[in-house]
Amino acid sequence: MKKRWVNITESPSHYNNLEKMTVRQLLTGINREDASVAAAVKNSIDDIEELVNAVVDKMKNGGRLFYIGAGTSGRLGILDASEIPPTYGMPFGKVVGLIAGGDKAIRKAVENAEDNQTQAWKDLLKYKINKNDVLIGIAASGRTPYVIGGIKKASQMDIVTGCITCNRNTELTAYARYPVVVAVGPEFVTGSTRMKAGTAQKLVLNMISTSVMIKLGRVKGNKMVDMKLTNTKLVSRGVRMIMEELNVNEQKARALLTKFGSVRKAISHPQ
């Protein structure tokens, strides 16, 4: 008899009668479930490491990193991609996030967009994705047609692929060369994968992009020396970095930052 596949992310919550709980009980229950996410991510570090190494290898040779997803998963990929240029000074277009339904789906769900198995590849072709790049599919269930279609086609085109999901033995993990499965278990509200699954995906994305940027030389010591100085807060942060790195006062640090326009250039210039 064929063993029935179990979709853990859709499994019934460990809690019931939520509408009868007090606010305190709801918050305590959600927090209790959230506390298990980091441990689940820890169990996947070996797989995350393999994926990161693959991304670093490709990006060191001029490649790009693409994320595809639908709903919460797509939004998380876009969030991660959008923060790379200002945080690490990377050119726009080196890390790209795509969501089923296009940019309008970032704010408002587009009906049936995730069910189109050919659209992801069409979206990727607009960026001329090729064998120098890496594609990571993000799908809590591991069954999202938009994501599966994109990963499957990319794999057929000999493009390095990875995925982030919260279910084992899915079609998505079968097609991805570097699958990352973070089994967080049932959600507090049954099937609400924007909760623990979404948190797990965000943690993994943080780990991937941060590790990649560090290995690409975008961090010095523990400082974001290539960050874009786009507001007063970031300018002040840059001044503090220069003060600490060069052991100079605030006035001198601010003058250097104004002169050179970046923390890296300011601390690298002979004093």
# chains A, B, ... in the order shown; residues from 1 in each chain; ligands from 1
>>> residues_around(residues="Lys215 of chain A", least_positions_apart="4", cutoff="10 Å", atoms="only C-alpha atoms", output="list in words")
Val52, Asn53, Val56, Asp57, Lys60, Ser209, Thr210, Ser211 and Val219 of chain A
>>> write_last_selection(atoms="C-alpha atoms", output="compact mmCIF listing (two decimals), in the first residue's frame")
# COMPACT_ATOMS: atom_id res chain seq x y z
CA VAL A 52 25.31 29.38 0.35
CA ASN A 53 28.56 27.96 -1.05
CA VAL A 56 28.95 32.49 -3.44
CA ASP A 57 30.70 30.52 -6.17
CA LYS A 60 32.04 35.62 -7.37
CA SER A 209 22.08 36.66 1.96
CA THR A 210 24.14 37.82 4.95
CA SER A 211 26.63 34.96 4.61
CA VAL A 219 31.64 43.44 5.43
>>> closest_atom_pairs(of="segment 110-213 of chain A", to="segment 22-30 of chain A", cutoff="12 Å", atoms="only C-alpha atoms", output="tab-separated table")
residue	atom	partner	partner_atom	distance
A:Pro186	CA	A:Ile30	CA	11.6
A:Glu187	CA	A:Ile30	CA	8.8
A:Phe188	CA	A:Ile30	CA	6.2
A:Val189	CA	A:Ile30	CA	9.0
A:Ser192	CA	A:Ile30	CA	11.8
A:Met195	CA	A:Ile30	CA	8.8
A:Lys196	CA	A:Ile30	CA	9.0
>>> closest_residue(among="A:Gly102, A:Lys228, A:Pro85, A:Glu245", to="Asp123 of chain A", atoms="only C-alpha atoms")
A:Gly102
>>> closest_residue(among="A:Asn43, A:Gln117, A:Gln201, A:Thr193", to="Ala100 of chain A", atoms="only C-alpha atoms")
A:Gln117
>>> residues_around(residues="Thr170 of chain A", least_positions_apart="6", cutoff="12 Å", atoms="only C-alpha atoms", output="count of residues only")
18
>>> atom_distance(atom1="atom CA of Gly185 of chain A", atom2="atom CA of Thr9 of chain A")
6.1 Å
>>> closest_residue(among="A:Lys104, A:Lys131, A:Lys42, A:Arg194", to="Arg64 of chain A", atoms="only C-alpha atoms")
A:Lys131
>>> select_by_dssp(residues="segment 47-233 of chain A", states="strand (DSSP E)", output="ChimeraX atom specification")
/A:65-69,95-99,134-138,160-165,178-181
>>> atom_distance(atom1="atom CA of Thr118 of chain A", atom2="atom CA of Ile151 of chain A")
10.4 Å
>>> select_by_dssp(residues="segment 3-244 of chain A", states="helix (DSSP H, G or I)", output="PyMOL selection string")
chain A and resi 8-10+18-20+23-34+37-42+45-60+71-88+103-106+113-115+119-125+145-156+171-175+196-215+232-244
>>> write_last_selection(atoms="C-alpha atoms", output="short mmCIF file (atom, residue, chain, number, x, y, z; two decimals), in the first residue's frame")
data_model
loop_
_atom_site.label_atom_id
_atom_site.label_comp_id
_atom_site.auth_asym_id
_atom_site.auth_seq_id
_atom_site.Cartn_x
_atom_site.Cartn_y
_atom_site.Cartn_z
CA ILE A 8 2.84 19.11 7.80
CA THR A 9 2.23 22.80 7.18
CA GLU A 10 -1.48 22.07 6.77
CA LEU A 18 -8.82 29.71 19.88
CA GLU A 19 -11.79 32.07 19.88
CA LYS A 20 -12.42 31.18 23.55
CA VAL A 23 -5.54 37.57 24.63
CA ARG A 24 -2.85 36.47 27.09
CA GLN A 25 -3.45 32.81 26.23
CA LEU A 26 -3.30 33.56 22.51
CA LEU A 27 -0.05 35.49 22.82
CA THR A 28 1.52 32.84 25.04
CA GLY A 29 0.55 30.07 22.63
CA ILE A 30 1.89 31.90 19.59
CA ASN A 31 5.12 32.68 21.40
CA ARG A 32 5.50 29.07 22.49
CA GLU A 33 5.22 27.93 18.88
CA ASP A 34 7.56 30.66 17.62
CA VAL A 37 11.45 27.85 14.88
CA ALA A 38 15.13 28.62 15.50
CA ALA A 39 15.78 25.03 16.55
CA ALA A 40 14.17 23.77 13.34
CA VAL A 41 16.38 26.11 11.32
CA LYS A 42 19.45 24.87 13.21
CA ILE A 45 22.34 24.37 8.68
CA ASP A 46 24.20 21.68 6.71
CA ASP A 47 21.84 22.12 3.77
CA ILE A 48 21.89 25.92 4.05
CA GLU A 49 25.70 25.82 3.99
CA GLU A 50 25.74 23.89 0.72
CA LEU A 51 23.34 26.35 -0.86
CA VAL A 52 25.31 29.38 0.35
CA ASN A 53 28.56 27.96 -1.05
CA ALA A 54 26.88 27.46 -4.41
CA VAL A 55 25.57 31.04 -4.44
CA VAL A 56 28.95 32.49 -3.44
CA ASP A 57 30.70 30.52 -6.17
CA LYS A 58 28.34 31.82 -8.85
CA MET A 59 28.25 35.43 -7.63
CA LYS A 60 32.04 35.62 -7.37
CA GLY A 71 2.12 35.07 -1.35
CA THR A 72 4.08 35.42 1.88
CA SER A 73 6.99 33.44 0.46
CA GLY A 74 7.25 35.73 -2.54
CA ARG A 75 7.07 38.85 -0.39
CA LEU A 76 9.83 37.56 1.88
CA GLY A 77 12.08 36.97 -1.12
CA ILE A 78 11.42 40.47 -2.43
CA LEU A 79 12.09 41.93 1.02
CA ASP A 80 15.44 40.17 1.27
CA ALA A 81 16.47 41.16 -2.26
CA SER A 82 15.43 44.79 -1.81
CA GLU A 83 17.58 45.23 1.29
CA ILE A 84 20.84 44.07 -0.30
CA PRO A 85 21.76 47.25 -2.28
CA PRO A 86 21.31 49.74 0.59
CA THR A 87 22.81 47.44 3.22
CA TYR A 88 25.82 46.14 1.31
CA ASP A 103 4.66 43.57 -8.28
CA LYS A 104 0.99 44.33 -7.64
CA ALA A 105 0.82 41.06 -5.69
CA ILE A 106 3.24 42.48 -3.12
CA ALA A 113 -1.37 33.51 -9.85
CA GLU A 114 0.46 30.83 -7.91
CA ASP A 115 -1.28 28.06 -9.86
CA GLN A 119 4.70 31.92 -15.52
CA ALA A 120 7.78 31.90 -13.28
CA TRP A 121 10.04 30.95 -16.16
CA LYS A 122 8.49 33.68 -18.32
CA ASP A 123 9.16 36.17 -15.51
CA LEU A 124 12.76 34.97 -15.19
CA LEU A 125 13.40 35.23 -18.92
CA PRO A 145 2.98 25.36 -9.07
CA TYR A 146 4.51 28.78 -9.86
CA VAL A 147 7.62 27.92 -7.87
CA ILE A 148 7.87 24.29 -8.96
CA GLY A 149 7.56 25.26 -12.61
CA GLY A 150 10.34 27.83 -12.33
CA ILE A 151 12.70 25.50 -10.48
CA LYS A 152 11.98 22.58 -12.79
CA LYS A 153 12.65 24.60 -15.94
CA ALA A 154 15.78 26.21 -14.49
CA SER A 155 17.14 22.79 -13.54
CA GLN A 156 16.50 21.58 -17.08
CA GLU A 171 7.96 17.93 -5.71
CA LEU A 172 9.87 21.15 -5.10
CA THR A 173 12.64 19.45 -3.12
CA ALA A 174 12.87 16.78 -5.81
CA TYR A 175 13.67 19.34 -8.53
CA LYS A 196 6.06 29.82 11.85
CA ALA A 197 6.80 28.83 8.27
CA GLY A 198 7.16 32.47 7.26
CA THR A 199 9.42 33.15 10.22
CA ALA A 200 11.58 30.16 9.32
CA GLN A 201 11.86 31.31 5.72
CA LYS A 202 12.85 34.82 6.85
CA LEU A 203 15.55 33.39 9.13
CA VAL A 204 16.96 31.23 6.35
CA LEU A 205 16.93 34.12 3.88
CA ASN A 206 18.77 36.27 6.41
CA MET A 207 21.37 33.53 6.80
CA ILE A 208 21.81 33.05 3.06
CA SER A 209 22.08 36.66 1.96
CA THR A 210 24.14 37.82 4.95
CA SER A 211 26.63 34.96 4.61
CA VAL A 212 26.90 35.51 0.87
CA MET A 213 27.54 39.24 1.25
CA ILE A 214 30.21 38.62 3.89
CA LYS A 215 31.96 36.05 1.69
CA THR A 232 20.54 60.76 8.81
CA LYS A 233 20.53 57.53 10.82
CA LEU A 234 22.82 55.77 8.37
CA VAL A 235 25.16 58.75 8.12
CA SER A 236 25.46 58.75 11.91
CA ARG A 237 26.14 55.02 11.86
CA GLY A 238 28.83 55.58 9.26
CA VAL A 239 30.44 58.27 11.38
CA ARG A 240 30.55 55.91 14.38
CA MET A 241 32.12 53.18 12.26
CA ILE A 242 34.90 55.52 11.15
CA MET A 243 35.46 56.77 14.70
CA GLU A 244 35.85 53.21 15.97
#
>>> closest_residue(among="A:Asn167, A:Asn132, A:Asn222, A:Ser262", to="Leu65 of chain A", atoms="only C-alpha atoms")
A:Asn132
